[in-house]
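Here the structure comes first, spelled out in structure tokens, and everything after it is commentary.
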Amino acid sequence: MKALLLALPLLPALGFVVLALFGGSLSRRAVAALGCGVVAGAALLWTVLAVGYGVAPPPGEALRANLALWLAVGGVQAAFSFTLDPLSLVLSGVVTLVGFFIHLHAAETMRSEAGYSRFFAYFNLFITCMLVLVLADNLLLLFLGWEGVGLCSYLLIGFWYEKNENGRAATKAFLVTRLGDVGLLVGMLWLFAVCGTLDIAALNQVAPESLTAGTATMIALLIFLGAAGKSAQLPFQVWLPDAMAGPSPVSALIHAATMVTAGVYLLARLHPLFLLAPEVLGLVALLGGAGALLAALAAAAQRDLKRVLAYSTVSQLGLMFVALGVGAWRAAIFHLVVHAFFKALLFLAAGVVSDSLHHELNLLRMGGLRRRLPAAHLSFLAGAASLTALPLITAGFYSKDAILWGIWASSQGGLLLLGLALATSLITGWYSFRAYGLVFLGPAQREPHDEHDGVPVRLSLTVLSLGALASGLLSLPHLFGGSQWLETFLGRLLPGLPASSGALPSLTAEAAVTVGASLVALLGAGLGWWRYRAGRPATPPLSGLGEQLRRVLESGWGFDWVYARLFVRPFWGTARRLQPDPVEQGGDLAARLSLATARVVTSPETGGLRLLLLGLLIGALLGVSILLGR
Amino acid sequence: MAAVTTEHVLALALALFVLGLLGILVRRDLIFVLMSLEIMLNSAVLAFAAAGARWHQADGQVWILFILVVAAAEVSVGLPLLLRLNRLTGTLDAAALNSQRAGLSPPPEEPT
Amino acid sequence: MSLAQLLPLAPLLLLAAAPVVTLLASAFSRSPRVVFAATLGLLAATLATLPLSLTALPMDVTSLLRLDGFGLFLLALLGLGGLVVACLADDTWQRRPTARADRFYPLLLFALAGMGVAVLAADFASFFLGLETLTVSLYGLLGFTRHRQAALEGGLKYLVLAAASTAFLLFGLALLYAAAGTLQLAELGPRLLAVGGGTGLDPQVGLGLGLILVAFGFKLALVPFHLIFPELYQSAPPPVAALLAAGSKGAIFAALARFLALSGLTAVPSVVTWLAFFAALTMTVGNLAALRQGSLRRLLAYSSVAHVGYLLLALLALPQGGLAALLGYLAIYGATVLVLFGGIGLLAADGQEADRIDELTGLAQTRPLLAGLLALALLSLTGVPLTAGFVAKLLLFTAAFDAGHHWLVGLAAANSVLSAFYYLRVVIVLYRPGPPARTTWPRASRLAVATLVLLGAFLLLGGLLPDPLVQLVRVASQGLGGAP
Amino acid sequence: MLTLLLLVPAAGGLAAWLVGRRAADAPRKLALLTLLVQLGLLLLVGQEPARFGTESPLLEQQHPWIPSLGISYHLALDGLGLVLLSLTVFLALAAVLTAWREIREREGGFYGLLLLLVCGLTGVFLAVDLVLFYLFWEVMLLPKFFLLRYWGGPGRVRAAWRFLLYTFGGGLVLLLAILGLHLAVRQTTGVATFDLPALLPAAPGGELGLVLFAGFFLGFAVKLPVFPLHGWLADAHAEAPLASVVLGGAMLKAGGFGLIRFALPLFPAAALHLQPLVLGLGVATILYGGLLACAATDLRRIAAYASLAGMGFVLLGIGAGNELGLQGAVVGMVAHGLIAGALFALWVVLRAQTGTLALDGLGGLWHRAPRLSGFTLFFALAALGLPGLAGFVGEFLVLLGTFRVSPAAAALAVGGLVISAVFALRLVQRTVHGPLRVTRPVTDLAWPERVVLGLFALLLLLFGLHPQPLLDASQAPLAQVARTLAAGEPQPPVEDHPEVAP
Amino acid sequence: MTGLFYGAAGVAVLAAALVITRRSYMHALVFLVLFFLAIGTLLFSLGAPFAAALQVMVYAGAIMVLFVFSILLLRLPAGAWRLRRWTADLGWALPVLFVGLLAGVVAVALLGGRTPPEAPAVAAVVPAREVGLALFGRYLLGVELASLLLLAGLAAAFHFGERLSDAPPAGPSAPSASPAASPRQTAGTDGRR
């Protein structure tokens, strides 16, 4: 088992190494086979591990395997060692399984791109780092994975490197997340300084004893900064929409299914710490809720298909953070899993659409693709339905329901959060079906060429569609006769809801929440469908205030505008003003001064005898005065 | 008239010293400069005489002898030198003794 | 005076007899080389008799001279330096035909004898006479190439200034004599301090001292007495410049050190102020002025001004470490300067003085050995470790630091940075790639080259294994109260 | 043995210089050979039975040199020295290999000076006697100056003088501090010595200690360099022959080494007293270097300021003064030596291929030269402190160490990591990414270049993933320094030194 | 004696002042002789007859003659015996200022001294005999040195003095032989700037 656990991240790493070193000389087929093969292998390994775990849970619910020592000095000890516990099992499952299908998809859709092997090298590296991130048993190793996925995100956003905009988007993504990482790193330093260890399990154990409330709050806040950066939460959400510059599989894998959820994972992983800081949890929930609503509104105003999905991701992640904030840890992870399926699906479908339209992504220039792109159409519909959380038939319904119930039932929840979540839900329905309508319904605006119809694309779309619709079965709530299997399984690690009354949740209340949420979702979806049922509606363009509002929304509430003035421009202004280095110039000043003085003291050089005698005289005067001065 | 005190003699020597100094500074003709130097040396002679008298020692006069020797040596070297220079340049002007002025040349490189 | 006294005095006697003998020789044979050979022999004899003196140390020879380790060490330096200068001069006069080159050697020996007397002087009278012998011979040496206007000018200007400074010296001495009743170095100090009543210097004494120090300042080329020296270094024949820089300054410094060490005047605050003030002024102005020189000799002149500024630090550290530092510095600095001026001399010929630094561009390509020697000497002046110059600076800075003159040492260090700039600039020029500025250089005599190589070896050895030298200067300085 | 380590490069340098007149390509072969021999010697030393972990040096050698001044020829090699020496030899090898194509004129002199520089560096890492140390310190300075002056780019004159005047001045401050220490110890104990073990127990504290510490610090800070004293750095990196800058990476480390080996153990109280200042300077260096690297428009300057920022971390770790910080500083020194070396080795290739190192003339290289671009990306990532590469280990340990002393400084330094990301990504963006702007035909890396750069990459990766050998090797000396600092006064080593005789 | 002293003092000061202000060499020389004689008188009045005699002989005798011969040897054209102006420019103003300053400082120091004035200067005559004893006793070496000094001066003087018109030595790069040649730049300072 341990060997398998170690092999899990190493297998994709092997793929990366081979592709990076020899990728240039391999055929595309070999590249695809290798790139997908190692991830398939990882998925298989995961399956074996999961079964093994299920059959014989390791003692303490955690299987630990140590690969090698990383560093050990002066009390710091960090090793390449991995932990398999319910949380990491679920996450690594998402990474390997969803990751595999996205790889498969990309094997076909990316075939015509230059840099095919480079793409798969990065992709494999990403899987490696993501697995390291979720499996790491100490914070330092986690940070390694954390930065690694950030790097892969950077490289893949900028995959089409010829265009400067792509590079800019990639850099922005990396830098904004790195800003958050400052918090994470300082938090780690602080934790180590107080607790003396970086081992996650040990930290979780000693944190309640060794941290005072104030320290815990500060550390939790700092770590939340890191999580918010990675998961594109308020106030760091600005990078994610721009990150859509990368190829669609990248958006699917990194910016929908896995990397962006790392923040959620981190908070869940360190929940004992966050439980010590209820104020921070409140903040997490509030920021998550506000971010969810704002992002949903922004999504409704986008004209770029992938940007709609990106804001939607921000919004859904916001919901997960709300769940985390109220203590519904399990629900957050549940939604994470479901979201991975449907959002990956949506992105892949969007990729298929845009590929068939010569990389066109503007919603207003699409339409009527229902018939020409049947596979994409069905997949997108499934994904949108799950995103909207159409009742009963979609997985999204169950996971979102779990979150809403968590908000309702938790002592940390409240009407405000519930309201935010419901409003988000409403708008989610609207924008999902707005996008669906604009792309697939109505009259055709442009003639697409043929859809990708290879086996890989079909297979991946099908499997992910199934996941988007059916993964809710993993944790069917009691109301529907389910066993909440996933949540129970996670319950071995994550605590349950901090119940407000201490009483068991009543079925009535649960039903009320469910019904309410369903209605809201249906309403939003219905409105959206109704308005965009025939493609782009023929209403005149907005004018005045309305247009301005739309623009603000489209720009994502103008965060970029503000940040540019607050941070970016001052930074570059300072950096440029320091060029040429004023300190260097200052150093030269001394030299200049010396030379100028030299000019003065050499000026008597050209004098005659009288000047020489004058020197003698002055010297005598000086000397005698000094000696007489006592 | 009161007895001559050391201070008075020294003051006199000082006055002569200053006159000699003025001479070498003010005059541009080298012959005069040499003469002025003699005046300065003589003021030192006088000062030594005063000091010797103050301590009633022969050393003062011995020193005067040495000074005379030095003065003679200086003059006997200085005057031929002066003459030779005069033959070469045709001048006795002290201010003209600056042929080295042309020896100034700029340094090889200015780094800053 | 008895025979027992005479034997230890042999080196000095030989040194004093040398000029007379060579003068006679030159009367019989006008060949410069004959006189040169006689000079070498006499100087060698002087050096050879030095051990005779060792046994009798310390010894008073009447009240005018005192033979001690300090003086003997300096006498040895003078002898060696004289040999080097003679060899350089031999080379110079071979290539630069000059009327009556044979007369050079007697004058050189007169100067050496004067210096020898000055470093051994125990009374201002003998010091004065030695000094004047030196000065008068220098007039002759400076203007020795009597067909060159610049040389004559230099000699005459120097004469006027030196005579004026002599007048200052004499007037000052007279004042001190009037105040103290003696001019013997050992007795003078206590009496002078007694006149002041223990609270400092009596004005008259201060005045006398001030006037004396004018003469010292001029002879040592302290700022602002230094103005004539760049011209002199440029106009004088290279061996004379070497003598002026390495020899006469050293001898006068030694005499001043002896006076200050014996008199205990360095305990007087105003004297310390005087030394510190002129040290700071001299090293700073010297270095700054050297920054802008395009003439190698002028550069060396200002550099030597700066070095005198450093040397004043040794006087401030009297007597403890200062004397040893002074002796070590003089030996090493003298050797360095001889290499530099010697090197220039070997390159110079009439009409081509090899004076502008630019002219030396790429010298390493045409004359690698000479360029190497010059570079070594320049590095030594910079105080780069592994050269003797570093040891000299180390001794000096340690002594001055120990004496508590931290700020002056700091200033000296800052000045060293400045000096690195102009020294290394020359080194760079020497080794500059590309076509050299001149490809043909005069042929140098083997003897002179060998002399320079030996000096270069000393500079290297003094940097690598300086222990014997350090020990020697320590022992030599003990007689005057130096630390063992 | 230790003397041999000094003699080999010195003799090799002399020989290279001499044969340079006869055969044009002999010097580089000779230099390569010399360095291989040196490497062999080091490996031999590293094979010494496991004496790591003890506090007495691995090898030691002491002879009287100038007994009358208390100066001895005292060399000692401990783990820390071994680490930095190995780095030096590796970088020197890389420098020779990079110079193989870059330097085509007056090779004898070039390689001679390069090896002399190696000799000086070796001496610096070995010397225990302070005057001996200063001697090698200067020996390190002059060859670099001449390399810069004679083989440098168009601005070499100014660059060389800046370098010389700054570092020579710093060196003299150091010398004065050494003298001051010597005299102070002589006054209290009556023993005139420059030997570090003998000085350690008697080093003065109080105000004098503070002043002397400041002197040592200044001397080393110029070399490191530290924020307001870094005026020489950029020019020296931008104008020097790039191959010599590869080795220059090792030279900066001498400053850090000096601080750890001399300044901290001698004046622990003063170091503690001035800790806020040192940390502040470290942070300022990180931020200032980063900012300048962000706006620089020439790859050489970017790399130069990046190493300034890196040295800021080293200083921070040293300022923290605990074992973590010091270990971090050492790893950081190695890492930044490698990173800077690698970047400059890369620039040599880049310039040979494209004819320029200005950002404006570069871009989109990935089209033409994926390997070259891959290496650029890799080393840029190393520079931004990507976990898994050596730079991160150093920075992280430094931060851990610093946080214990000053959370604020650590937090600000972490901010420096963001800035380093800015310049590293900008570098990547403007050279290998973006539209193709290089007009010349560009071929990808040749085999020898691949090997050199690959070795750099391998080492960075190795020390990023398995820094333990480095940490173990330098652990014992650093732990002692940390103990000394913690106690605030000099601590006797655990094992007794036979040479400590009061 | 006192009267003699002050009288001679006045003459000396006056003569010195006249020497440095004359325009004619010969007039100046005449006053210089007067000055030397006055100094001799002063020495006599201060009880130093030996020194006084020497003064008269050496200065007024020998040194004066040197000056006279030199002036004759200058081969000045007729009419050049008198300088048109005794100083050519105003460059002397600054030096004079400094001389004044120095004189002031010195005078203050000299007169503010604490040396008790109780001992009159003219205590008694120090006869030549005593001086002779000192010269051949304590100062024996000094006398020897003085002779050395004179010899050195002689050597130097001889070098400069012999055959005034001696042609510059033959050599590959000998300068022009004409003494009237314009002041040549010396080699090495070849004027390139």
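In the structure tokens, the first chain shown is A, the next is B, and so on; residue numbers restart at 1 for each chain, and ligands run from 1 in the order shown.
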Exercise: Arg103 in chain C partners within 10 Å, only C-alpha atoms, chain neighbours under 3 positions left out, as number ranges by chain: C: 19, 22-23, 25-27, 30-32, 35-36, 99-100, 106-108, 140-141, 144; E: 155-156, 158-159
For chain B against chain A, with a cut-off of 7 Å and counting only C-alpha atoms, what is the closest atom pair and its distance in Å to one decimal for every residue that makes the cut, ordered by chain and number, as a tab-separated table?
```
residue	atom	partner	partner_atom	distance
B:Leu25	CA	A:Arg610	CA	6.1
B:Ala94	CA	A:Leu609	CA	6.0
B:Ala95	CA	A:Gly608	CA	5.2
B:Leu97	CA	A:Gly608	CA	6.2
B:Asn98	CA	A:Gly608	CA	5.7
B:Arg101	CA	A:Thr606	CA	5.4
```
Residue hits in chain A, query chain D, radius 8 Å, only C-alpha atoms, as JSON, numbers by chain: {"A": [69, 70, 71, 72, 73, 74, 143, 144, 147, 148, 161, 162, 163, 164, 167, 171, 175, 178, 179, 182, 185, 186, 189, 190, 192, 193, 572, 574, 575, 576, 578, 579, 581, 583, 584, 585, 587, 588]}
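Proximity of E:Leu43, E:Gly61, E:Arg23, E:Leu148 to chain B, computed with only C-alpha atoms, is greatest for E:Leu43.
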Close residues, range 46-58 of chain B itself excluded, 8 Å, only C-alpha atoms, min 5 positions apart in chain, as number ranges by chain: B: 6, 9-10, 13, 63-64; C: 171, 174-175, 177-179, 181; E: 39, 42-43, 46-48, 119-126, 130-131, 134
For Ser518 in chain A: contacts at 9 Å, only C-alpha atoms, fewer than 5 positions along chain excluded, given as a ChimeraX atom specification: /A:389-392,397,401,513,523
Long-range neighbours of range 321-326 of chain C as a ChimeraX atom specification, 7 Å cut-off, only C-alpha atoms, 3 positions minimum in chain: /C:311,314-315,317-318,329-330,395-396,399,473-474,477,482-483
Mind dumping the selected residues with N, CA and C atoms as a PDB file, in the first residue's frame?
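Saved the output as result.pdb:
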```
ATOM      1  N   LEU C 311      53.684  58.872   7.058  1.00  0.00           N
ATOM      2  CA  LEU C 311      54.820  58.680   7.959  1.00  0.00           C
ATOM      3  C   LEU C 311      54.690  59.527   9.222  1.00  0.00           C
ATOM      4  N   ALA C 314      53.680  57.812  12.187  1.00  0.00           N
ATOM      5  CA  ALA C 314      54.673  57.115  12.993  1.00  0.00           C
ATOM      6  C   ALA C 314      55.206  58.038  14.076  1.00  0.00           C
ATOM      7  N   LEU C 315      55.399  59.320  13.729  1.00  0.00           N
ATOM      8  CA  LEU C 315      55.895  60.253  14.745  1.00  0.00           C
ATOM      9  C   LEU C 315      54.870  60.416  15.858  1.00  0.00           C
ATOM     10  N   ALA C 317      53.128  58.176  16.947  1.00  0.00           N
ATOM     11  CA  ALA C 317      53.132  56.976  17.770  1.00  0.00           C
ATOM     12  C   ALA C 317      54.456  56.793  18.488  1.00  0.00           C
ATOM     13  N   LEU C 318      55.253  57.842  18.572  1.00  0.00           N
ATOM     14  CA  LEU C 318      56.542  57.743  19.270  1.00  0.00           C
ATOM     15  C   LEU C 318      56.314  57.536  20.753  1.00  0.00           C
ATOM     16  N   TYR C 329      58.972  51.373   7.503  1.00  0.00           N
ATOM     17  CA  TYR C 329      58.341  52.087   6.403  1.00  0.00           C
ATOM     18  C   TYR C 329      59.388  52.739   5.518  1.00  0.00           C
ATOM     19  N   LEU C 330      60.388  53.344   6.167  1.00  0.00           N
ATOM     20  CA  LEU C 330      61.420  54.017   5.378  1.00  0.00           C
ATOM     21  C   LEU C 330      62.138  53.026   4.482  1.00  0.00           C
ATOM     22  N   LEU C 395      52.510  47.895   9.834  1.00  0.00           N
ATOM     23  CA  LEU C 395      53.301  48.376  10.970  1.00  0.00           C
ATOM     24  C   LEU C 395      52.852  49.779  11.373  1.00  0.00           C
ATOM     25  N   LEU C 396      52.721  50.612  10.368  1.00  0.00           N
ATOM     26  CA  LEU C 396      52.423  52.008  10.630  1.00  0.00           C
ATOM     27  C   LEU C 396      51.032  52.172  11.241  1.00  0.00           C
ATOM     28  N   ALA C 399      50.855  50.891  14.765  1.00  0.00           N
ATOM     29  CA  ALA C 399      51.481  51.783  15.728  1.00  0.00           C
ATOM     30  C   ALA C 399      50.592  52.987  16.014  1.00  0.00           C
ATOM     31  N   VAL C 473      63.977  45.971  12.632  1.00  0.00           N
ATOM     32  CA  VAL C 473      63.628  47.354  12.949  1.00  0.00           C
ATOM     33  C   VAL C 473      63.250  47.483  14.423  1.00  0.00           C
ATOM     34  N   ARG C 474      62.713  46.426  14.976  1.00  0.00           N
ATOM     35  CA  ARG C 474      62.389  46.482  16.403  1.00  0.00           C
ATOM     36  C   ARG C 474      63.657  46.623  17.229  1.00  0.00           C
ATOM     37  N   SER C 477      65.226  49.978  16.842  1.00  0.00           N
ATOM     38  CA  SER C 477      64.547  51.115  17.448  1.00  0.00           C
ATOM     39  C   SER C 477      64.657  51.108  18.960  1.00  0.00           C
ATOM     40  N   GLY C 482      62.104  52.417  21.531  1.00  0.00           N
ATOM     41  CA  GLY C 482      61.078  51.658  20.823  1.00  0.00           C
ATOM     42  C   GLY C 482      60.728  50.398  21.591  1.00  0.00           C
ATOM     43  N   ALA C 483      59.559  49.898  21.334  1.00  0.00           N
ATOM     44  CA  ALA C 483      59.130  48.684  22.023  1.00  0.00           C
ATOM     45  C   ALA C 483      59.922  47.511  21.493  1.00  0.00           C
TER      46      ALA C 483
END
```
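If you count only C-alpha atoms and ignore residues fewer than 3 places along the chain from range 24-28 of chain A, what sits within 9 Å of it is Leu19, Ala20, Leu21, Val31, Ala32, Ala33, Ala107, Arg111, Gly115, Tyr116, Ser117 and Arg118 of chain A.
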Residue hits in chain C, query chain E, radius 6 Å, only C-alpha atoms, as a list in words: Thr98, Ala99, Ser126, Thr133, Val136, Ser137, Gly140, His147, Pro203, Gln204, Gly351, Gln352, Glu353, Ala354 and Asp355 of chain C
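Put simply, CA of Tyr111 in chain D is 22.8 Å away from CA of Leu460 in chain C.
Residue neighbourhood of Thr597 in chain A, excluding near-sequence residues (fewer than 4 positions): A:Leu593, A:Val601, C:Leu288, at 7 Å, using only C-alpha atoms.
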Two-atom distance - CA of Ile357 in chain C, CA of Tyr423 in chain C (Å): 11.0 Å
Kindly provide the residues of chain E that approach chain A to within 10 Å, each paired with its closest atom pair and their distance in Å to one decimal, based on only C-alpha atoms, listed by chain and increasing number, as CSV.
```
residue,atom,partner,partner_atom,distance
E:Gly91,CA,A:Arg610,CA,8.1
E:Trp92,CA,A:Arg610,CA,8.0
E:Leu94,CA,A:Leu614,CA,8.3
E:Pro95,CA,A:Leu614,CA,6.0
E:Val96,CA,A:Leu614,CA,9.5
E:Phe98,CA,A:Leu617,CA,6.9
E:Val99,CA,A:Leu617,CA,7.3
E:Leu101,CA,A:Leu621,CA,7.7
E:Leu102,CA,A:Leu621,CA,5.7
E:Ala103,CA,A:Leu621,CA,9.3
E:Val105,CA,A:Ser625,CA,7.5
E:Val106,CA,A:Val624,CA,8.1
E:Val108,CA,A:Leu628,CA,10.0
E:Ala109,CA,A:Leu628,CA,7.5
```
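The gap separating CA of Leu209 in chain C from CA of Met59 in chain C is 27.5 Å, in Å to one decimal.
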Interface, chain C side, toward chain D (10 Å; only C-alpha atoms) as JSON, numbers by chain: {"C": [379, 383, 384, 385, 386, 390, 391, 394, 395, 397, 398, 399, 401, 402, 406, 409, 410, 412, 413, 414, 415, 416, 417, 418, 419, 420, 421, 424, 425, 427, 428, 431, 432, 433, 464, 465, 466, 467, 468, 469, 470, 471, 474, 484]}
Nearest-residue call for chain B, choices D:Ala99, D:Leu116, D:Ala159, D:Leu91, using only C-alpha atoms: D:Ala159
